[in-house]
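A.B. asks: This is the content of final.json (JSON, C-alpha atoms and all ligand atoms):
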```
[["chain", "number", "residue", "atom", "x", "y", "z"],
["A", 1, "MET", "CA", 24.80, -29.33, -70.55],
["A", 2, "GLN", "CA", 24.48, -25.73, -69.43],
["A", 3, "VAL", "CA", 26.52, -22.89, -67.95],
["A", 4, "LYS", "CA", 25.51, -19.66, -66.24],
["A", 5, "LEU", "CA", 26.21, -16.19, -67.61],
["A", 6, "ASP", "CA", 25.27, -13.33, -65.30],
["A", 7, "GLY", "CA", 22.89, -15.68, -63.49],
["A", 8, "GLN", "CA", 21.14, -16.77, -66.72],
["A", 9, "THR", "CA", 21.37, -20.36, -67.97],
["A", 10, "ARG", "CA", 22.94, -20.91, -71.41],
["A", 11, "PRO", "CA", 23.08, -24.26, -73.25],
["A", 12, "VAL", "CA", 26.60, -25.43, -74.11],
["A", 13, "ASN", "CA", 27.43, -26.51, -77.65],
["A", 14, "THR", "CA", 30.92, -27.59, -78.79],
["A", 15, "ILE", "CA", 33.80, -27.56, -76.29],
["A", 16, "PHE", "CA", 36.98, -26.42, -78.07],
["A", 17, "CYS", "CA", 40.35, -26.64, -76.30],
["A", 18, "ILE", "CA", 43.69, -25.11, -77.25],
["A", 19, "GLY", "CA", 46.92, -26.93, -76.48],
["A", 20, "ARG", "CA", 50.44, -25.52, -76.08],
["A", 21, "ASN", "CA", 49.41, -21.86, -75.89],
["A", 22, "TYR", "CA", 52.02, -20.90, -73.26],
["A", 23, "ALA", "CA", 55.71, -21.45, -73.94],
["A", 24, "ALA", "CA", 56.61, -22.40, -70.35],
["A", 25, "HIS", "CA", 53.92, -25.11, -70.25],
["A", 26, "ALA", "CA", 54.92, -26.54, -73.63],
["A", 27, "ALA", "CA", 58.48, -26.71, -72.30],
["A", 28, "GLU", "CA", 57.52, -28.47, -69.05],
["A", 29, "LEU", "CA", 55.90, -31.28, -71.08],
["A", 30, "GLY", "CA", 58.74, -31.38, -73.61],
["A", 31, "ASN", "CA", 56.53, -30.22, -76.50],
["A", 32, "ALA", "CA", 57.70, -28.07, -79.41],
["A", 33, "LEU", "CA", 55.84, -24.82, -80.10],
["A", 34, "GLU", "CA", 53.18, -24.88, -82.79],
["A", 35, "ALA", "CA", 53.01, -22.66, -85.87],
["A", 36, "GLU", "CA", 49.20, -22.53, -85.62],
["A", 37, "PRO", "CA", 46.79, -23.01, -82.71],
["A", 38, "MET", "CA", 46.58, -26.69, -81.72],
["A", 39, "VAL", "CA", 42.92, -27.61, -81.26],
["A", 40, "PHE", "CA", 41.16, -30.59, -79.72],
["A", 41, "LEU", "CA", 37.58, -31.19, -78.59],
["A", 42, "LYS", "CA", 35.86, -32.52, -75.48],
["A", 43, "PRO", "CA", 32.44, -34.20, -75.52],
["A", 44, "ASN", "CA", 29.55, -32.06, -74.28],
["A", 45, "ALA", "CA", 28.95, -34.56, -71.45],
["A", 46, "SER", "CA", 32.45, -33.92, -70.07],
["A", 47, "LEU", "CA", 31.27, -30.56, -68.68],
["A", 48, "LEU", "CA", 31.31, -30.24, -64.89],
["A", 49, "ARG", "CA", 29.82, -27.14, -63.32],
["A", 50, "GLU", "CA", 31.36, -25.32, -60.40],
["A", 51, "GLY", "CA", 30.93, -27.09, -57.08],
["A", 52, "ALA", "CA", 29.84, -30.50, -58.44],
["A", 53, "PRO", "CA", 31.78, -33.55, -57.12],
["A", 54, "LEU", "CA", 34.93, -34.14, -59.14],
["A", 55, "CYS", "CA", 35.41, -37.88, -59.77],
["A", 56, "LEU", "CA", 38.62, -39.07, -61.43],
["A", 57, "PRO", "CA", 38.41, -41.84, -64.05],
["A", 58, "GLY", "CA", 39.36, -45.27, -62.72],
["A", 59, "TYR", "CA", 41.49, -46.09, -65.77],
["A", 60, "SER", "CA", 44.11, -43.41, -65.00],
["A", 61, "ARG", "CA", 46.63, -43.18, -62.17],
["A", 62, "ASP", "CA", 47.82, -39.68, -63.12],
["A", 63, "VAL", "CA", 45.04, -37.15, -63.73],
["A", 64, "HIS", "CA", 46.49, -33.64, -64.06],
["A", 65, "TYR", "CA", 44.83, -30.27, -63.48],
["A", 66, "GLU", "CA", 45.25, -27.62, -66.20],
["A", 67, "CYS", "CA", 43.76, -24.28, -65.14],
["A", 68, "GLU", "CA", 42.59, -22.20, -68.11],
["A", 69, "LEU", "CA", 40.69, -19.08, -69.10],
["A", 70, "VAL", "CA", 37.42, -20.20, -70.74],
["A", 71, "LEU", "CA", 35.47, -18.17, -73.31],
["A", 72, "LEU", "CA", 31.71, -18.48, -73.86],
["A", 73, "VAL", "CA", 30.72, -17.76, -77.47],
["A", 74, "GLY", "CA", 27.64, -15.54, -77.69],
["A", 75, "ARG", "CA", 26.74, -15.71, -81.37],
["A", 76, "ASP", "CA", 27.42, -17.72, -84.50],
["A", 77, "ALA", "CA", 30.59, -16.68, -86.37],
["A", 78, "ASP", "CA", 32.09, -18.36, -89.42],
["A", 79, "ASP", "CA", 34.32, -15.85, -91.18],
["A", 80, "ILE", "CA", 35.21, -13.39, -88.46],
["A", 81, "GLY", "CA", 38.61, -11.65, -88.63],
["A", 82, "GLU", "CA", 40.90, -10.94, -85.71],
["A", 83, "ASP", "CA", 39.74, -7.31, -85.51],
["A", 84, "GLY", "CA", 36.15, -8.17, -84.64],
["A", 85, "ALA", "CA", 36.80, -11.50, -82.98],
["A", 86, "LEU", "CA", 36.23, -10.49, -79.36],
["A", 87, "SER", "CA", 32.76, -9.17, -80.26],
["A", 88, "CYS", "CA", 31.41, -12.73, -80.51],
["A", 89, "ILE", "CA", 32.43, -13.59, -76.93],
["A", 90, "ALA", "CA", 29.54, -13.29, -74.46],
["A", 91, "GLY", "CA", 31.39, -14.12, -71.26],
["A", 92, "TYR", "CA", 34.59, -15.08, -69.54],
["A", 93, "GLY", "CA", 35.07, -17.87, -67.03],
["A", 94, "ILE", "CA", 37.72, -20.11, -65.58],
["A", 95, "GLY", "CA", 38.02, -23.87, -65.70],
["A", 96, "LEU", "CA", 40.09, -27.02, -65.68],
["A", 97, "ASP", "CA", 41.10, -29.05, -68.71],
["A", 98, "LEU", "CA", 41.53, -32.29, -66.75],
["A", 99, "THR", "CA", 43.97, -34.63, -68.45],
["A", 100, "ALA", "CA", 44.76, -38.29, -67.79],
["A", 101, "ARG", "CA", 48.47, -37.73, -68.41],
["A", 102, "ASP", "CA", 49.40, -41.42, -68.48],
["A", 103, "VAL", "CA", 46.66, -42.16, -71.01],
["A", 104, "GLN", "CA", 47.68, -39.11, -73.07],
["A", 105, "ALA", "CA", 51.34, -40.20, -73.07],
["A", 106, "ASP", "CA", 50.33, -43.62, -74.36],
["A", 107, "ALA", "CA", 48.11, -42.06, -77.05],
["A", 108, "LYS", "CA", 50.90, -39.69, -78.12],
["A", 109, "ALA", "CA", 53.39, -42.55, -78.36],
["A", 110, "ARG", "CA", 51.02, -44.59, -80.50],
["A", 111, "GLY", "CA", 49.71, -41.69, -82.61],
["A", 112, "LEU", "CA", 46.17, -42.11, -81.29],
["A", 113, "PRO", "CA", 43.59, -39.38, -80.49],
["A", 114, "TRP", "CA", 43.48, -37.83, -77.03],
["A", 115, "THR", "CA", 39.77, -38.31, -76.42],
["A", 116, "ARG", "CA", 40.12, -40.92, -73.66],
["A", 117, "ALA", "CA", 42.75, -38.76, -71.92],
["A", 118, "LYS", "CA", 40.85, -35.47, -72.17],
["A", 119, "GLY", "CA", 37.17, -36.27, -72.71],
["A", 120, "PHE", "CA", 35.96, -38.37, -69.77],
["A", 121, "ARG", "CA", 32.93, -37.26, -67.75],
["A", 122, "GLY", "CA", 33.94, -34.31, -65.59],
["A", 123, "ALA", "CA", 37.05, -33.50, -67.66],
["A", 124, "ALA", "CA", 35.83, -30.01, -68.61],
["A", 125, "CYS", "CA", 35.30, -28.14, -65.34],
["A", 126, "VAL", "CA", 33.88, -24.62, -65.69],
["A", 127, "SER", "CA", 32.92, -21.74, -63.45],
["A", 128, "ASP", "CA", 29.98, -19.44, -64.02],
["A", 129, "PHE", "CA", 30.69, -16.71, -66.56],
["A", 130, "VAL", "CA", 31.02, -12.96, -66.17],
["A", 131, "ALA", "CA", 29.56, -10.89, -69.01],
["A", 132, "ALA", "CA", 32.07, -9.61, -71.56],
["A", 133, "ALA", "CA", 30.88, -6.06, -70.93],
["A", 134, "GLN", "CA", 32.30, -6.32, -67.41],
["A", 135, "VAL", "CA", 35.80, -7.23, -68.64],
["A", 136, "ALA", "CA", 37.72, -4.07, -69.50],
["A", 137, "ASP", "CA", 40.59, -5.70, -71.42],
["A", 138, "PRO", "CA", 40.47, -9.48, -71.97],
["A", 139, "ALA", "CA", 44.07, -9.43, -73.25],
["A", 140, "GLN", "CA", 45.27, -8.54, -69.74],
["A", 141, "LEU", "CA", 43.28, -11.09, -67.73],
["A", 142, "GLN", "CA", 45.17, -13.03, -65.09],
["A", 143, "PHE", "CA", 44.03, -16.16, -63.27],
["A", 144, "SER", "CA", 45.19, -18.62, -60.66],
["A", 145, "LEU", "CA", 44.64, -22.08, -59.21],
["A", 146, "SER", "CA", 45.28, -23.02, -55.60],
["A", 147, "ILE", "CA", 45.11, -26.56, -54.24],
["A", 148, "ASN", "CA", 44.64, -27.12, -50.52],
["A", 149, "GLY", "CA", 45.46, -23.44, -49.99],
["A", 150, "GLU", "CA", 48.72, -23.40, -51.97],
["A", 151, "GLN", "CA", 49.00, -21.61, -55.33],
["A", 152, "ARG", "CA", 49.98, -24.04, -58.11],
["A", 153, "GLN", "CA", 49.33, -22.10, -61.30],
["A", 154, "HIS", "CA", 49.23, -18.45, -62.32],
["A", 155, "GLY", "CA", 48.15, -17.46, -65.81],
["A", 156, "ASP", "CA", 48.54, -14.19, -67.68],
["A", 157, "CYS", "CA", 46.89, -13.73, -71.08],
["A", 158, "ARG", "CA", 49.74, -11.45, -72.15],
["A", 159, "LEU", "CA", 51.93, -14.58, -72.28],
["A", 160, "MET", "CA", 49.68, -16.47, -74.70],
["A", 161, "LEU", "CA", 51.51, -17.61, -77.85],
["A", 162, "PHE", "CA", 48.24, -17.15, -79.78],
["A", 163, "PRO", "CA", 46.27, -14.21, -78.31],
["A", 164, "LEU", "CA", 42.50, -14.44, -77.91],
["A", 165, "PRO", "CA", 41.56, -12.72, -81.23],
["A", 166, "VAL", "CA", 43.86, -15.09, -83.12],
["A", 167, "LEU", "CA", 42.31, -18.15, -81.44],
["A", 168, "ILE", "CA", 38.74, -16.98, -82.04],
["A", 169, "ALA", "CA", 39.30, -16.06, -85.70],
["A", 170, "SER", "CA", 41.14, -19.32, -86.35],
["A", 171, "LEU", "CA", 38.38, -21.46, -84.80],
["A", 172, "ALA", "CA", 35.66, -19.48, -86.57],
["A", 173, "GLN", "CA", 37.30, -19.76, -89.99],
["A", 174, "THR", "CA", 38.23, -23.44, -89.71],
["A", 175, "TYR", "CA", 35.37, -25.01, -87.75],
["A", 176, "GLY", "CA", 32.73, -22.28, -87.38],
["A", 177, "LEU", "CA", 31.74, -20.99, -83.97],
["A", 178, "ARG", "CA", 28.19, -21.33, -82.65],
["A", 179, "ALA", "CA", 26.41, -19.61, -79.80],
["A", 180, "GLY", "CA", 27.08, -21.66, -76.67],
["A", 181, "ASP", "CA", 30.48, -22.96, -77.70],
["A", 182, "LEU", "CA", 33.17, -22.93, -75.02],
["A", 183, "ILE", "CA", 36.85, -22.28, -75.74],
["A", 184, "PHE", "CA", 39.46, -23.50, -73.24],
["A", 185, "THR", "CA", 42.41, -21.26, -74.09],
["A", 186, "GLY", "CA", 45.38, -23.30, -72.84],
["A", 187, "THR", "CA", 47.18, -23.73, -69.55],
["A", 188, "PRO", "CA", 50.26, -21.98, -68.15],
["A", 189, "GLN", "CA", 53.07, -23.89, -66.46],
["A", 190, "GLY", "CA", 52.68, -25.68, -63.14],
["A", 191, "VAL", "CA", 50.41, -28.59, -64.09],
["A", 192, "GLY", "CA", 50.44, -31.59, -61.78],
["A", 193, "ALA", "CA", 48.54, -34.58, -60.43],
["A", 194, "LEU", "CA", 45.27, -34.51, -58.49],
["A", 195, "HIS", "CA", 44.64, -36.67, -55.43],
["A", 196, "GLY", "CA", 41.49, -37.73, -53.60],
["A", 197, "GLY", "CA", 40.33, -35.04, -51.21],
["A", 198, "ASP", "CA", 42.18, -32.16, -52.91],
["A", 199, "ARG", "CA", 40.34, -28.85, -52.66],
["A", 200, "LEU", "CA", 40.76, -26.65, -55.73],
["A", 201, "GLN", "CA", 40.11, -22.93, -55.81],
["A", 202, "LEU", "CA", 40.22, -20.96, -59.05],
["A", 203, "ASP", "CA", 40.11, -17.21, -59.53],
["A", 204, "LEU", "CA", 39.74, -15.21, -62.73],
["A", 205, "HIS", "CA", 41.14, -11.73, -62.12],
["A", 206, "GLY", "CA", 38.97, -11.21, -59.04],
["A", 207, "LEU", "CA", 35.88, -11.36, -61.29],
["A", 208, "VAL", "CA", 34.88, -15.04, -61.01],
["A", 209, "GLN", "CA", 35.74, -17.77, -58.55],
["A", 210, "ALA", "CA", 35.09, -21.51, -58.63],
["A", 211, "SER", "CA", 35.91, -24.45, -56.41],
["A", 212, "TRP", "CA", 35.85, -28.22, -56.62],
["A", 213, "GLN", "CA", 36.83, -31.06, -54.33],
["A", 214, "VAL", "CA", 38.25, -34.30, -55.70],
["A", 215, "ALA", "CA", 36.24, -37.31, -54.54],
["A", 216, "ALA", "CA", 38.18, -39.42, -52.05],
["B", 301, "MG", "MG", 44.88, -27.69, -71.59]]
```
The structure in this file should be written as structure tokens.
C.D. replies:
Amino acid sequence: MQVKLDGQTRPVNTIFCIGRNYAAHAAELGNALEAEPMVFLKPNASLLREGAPLCLPGYSRDVHYECELVLLVGRDADDIGEDGALSCIAGYGIGLDLTARDVQADAKARGLPWTRAKGFRGAACVSDFVAAAQVADPAQLQFSLSINGEQRQHGDCRLMLFPLPVLIASLAQTYGLRAGDLIFTGTPQGVGALHGGDRLQLDLHGLVQASWQVAA
């Protein structure tokens, strides 16, 4: 699978996702806060580029949107510290960590992995990416999701429990980052269910926009 950075195609490698990175979202799902970043993965084939038809999995009756800032890793990094962490990010985009909430609730209750809830085809929706050089201060990025013209989520990186350099250094040191990896950085409050025909519009700080329509 591939994404676009400044109009150039880049192959996508691992898709990392961070859970519970905003206090208000953790609270709305009744989750405790974590002492360290909570990480899960999505399969490469779950990627869905901007504008492609968004088809919900037939085995869920409650697929939620989670609008998130997405980082595109530009170079390999294994032992990077927080100070230099942002230097390995090539671009910034916006996306949706789609979640089959009913399937996730069942997995949580039974202590099973989240893969079926979070990793189906089309579960990792991403915009094109703007080059890091065009983002003055990533720590201050804001983003939003509107559905059918009504704003549902607003995110502000200043409210992250684990700021971007902490996330990047933690992933690099534990798993190793590779050029082409994506990092979904967690969703703010306001998640909810998608329905056939919904039109989603995402905006990253006026720098990048993306839209999808849910298949009827
Ligand atoms: Mg999420």
A.B. asks: Taking all atoms listed in the file into account, which residues have an atom no farther than 6 Å from ligand MG 301 (chain B)? I'd like them as a list in words.
C.D. replies: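 Protein and nucleic-acid residues within 6 Å of ligand MG 301 (chain B): Gly19, Glu66, Asp97, Gly186 and Thr187 of chain A.
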A.B. asks: Using C-alpha atoms, can you export the residues from the last selection as an mmCIF file, in the frame of the given file?
C.D. replies:
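To be explicit, this is the file written out as selection-v9.cif:
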```
data_model
loop_
_atom_site.group_PDB
_atom_site.id
_atom_site.type_symbol
_atom_site.label_atom_id
_atom_site.label_comp_id
_atom_site.auth_asym_id
_atom_site.auth_seq_id
_atom_site.Cartn_x
_atom_site.Cartn_y
_atom_site.Cartn_z
ATOM 1 C CA GLY A 19 46.920 -26.930 -76.480
ATOM 2 C CA GLU A 66 45.250 -27.620 -66.200
ATOM 3 C CA ASP A 97 41.100 -29.050 -68.710
ATOM 4 C CA GLY A 186 45.380 -23.300 -72.840
ATOM 5 C CA THR A 187 47.180 -23.730 -69.550
#
```
A.B. asks: Nearest to A:Leu54 among A:Cys125, A:Ala131, A:Leu207, A:Ala169, with distances taken over only C-alpha atoms: which residue is it?
C.D. replies: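 Looking only at the distances to A:Leu54, the closest residue turns out to be A:Cys125.
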A.B. asks: Which polymer residues, whether protein, DNA or RNA, lie within 9 Å of the coordinate (51.4, -17.1, -62.7) when you count only C-alpha atoms? List them as a list in words, using the chain letters and numbers from the file.
C.D. replies: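 The requested residues, written out, are Gln142, Phe143, Ser144, Gln151, Arg152, Gln153, His154, Gly155, Asp156, Pro188, Gln189 and Gly190 of chain A.
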A.B. asks: Write a file of the just-selected residues containing C-alpha atoms, as an mmCIF file, keeping the file's coordinate frame.
C.D. replies:
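File out_25.cif, as written:
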```
data_model
loop_
_atom_site.group_PDB
_atom_site.id
_atom_site.type_symbol
_atom_site.label_atom_id
_atom_site.label_comp_id
_atom_site.auth_asym_id
_atom_site.auth_seq_id
_atom_site.Cartn_x
_atom_site.Cartn_y
_atom_site.Cartn_z
ATOM 1 C CA GLN A 142 45.170 -13.030 -65.090
ATOM 2 C CA PHE A 143 44.030 -16.160 -63.270
ATOM 3 C CA SER A 144 45.190 -18.620 -60.660
ATOM 4 C CA GLN A 151 49.000 -21.610 -55.330
ATOM 5 C CA ARG A 152 49.980 -24.040 -58.110
ATOM 6 C CA GLN A 153 49.330 -22.100 -61.300
ATOM 7 C CA HIS A 154 49.230 -18.450 -62.320
ATOM 8 C CA GLY A 155 48.150 -17.460 -65.810
ATOM 9 C CA ASP A 156 48.540 -14.190 -67.680
ATOM 10 C CA PRO A 188 50.260 -21.980 -68.150
ATOM 11 C CA GLN A 189 53.070 -23.890 -66.460
ATOM 12 C CA GLY A 190 52.680 -25.680 -63.140
#
```
A.B. asks: Tell me, as a count of residues only, which residues lie within 9 Å of A:Gln213, counting only C-alpha atoms; anything in the same chain fewer than 6 positions away does not count.
C.D. replies: 11
A.B. asks: Taking into account only C-alpha atoms, which residue in the set A:Arg75, A:Thr99, A:Asp137, A:Thr174 is nearest to A:Arg10?
C.D. replies: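 Using only C-alpha atoms, the shortest distance to A:Arg10 belongs to A:Arg75.
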A.B. asks: With distances taken over only C-alpha atoms, which residue among A:Pro43, A:Gly84, A:Gly95, A:Gly206 lies nearest A:Glu68?
C.D. replies: A:Gly95
A.B. asks: For A:Pro163, please output as a list in words all residues within 10 Å (counting all atoms listed in the file; exclusion window: fewer than 4 positions along the same chain).
C.D. replies: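 The residues satisfying every condition are Asn21, Pro37, Glu82, Pro138, Ala139, Cys157, Arg158, Leu159, Leu167, Ile168 and Thr185 of chain A.
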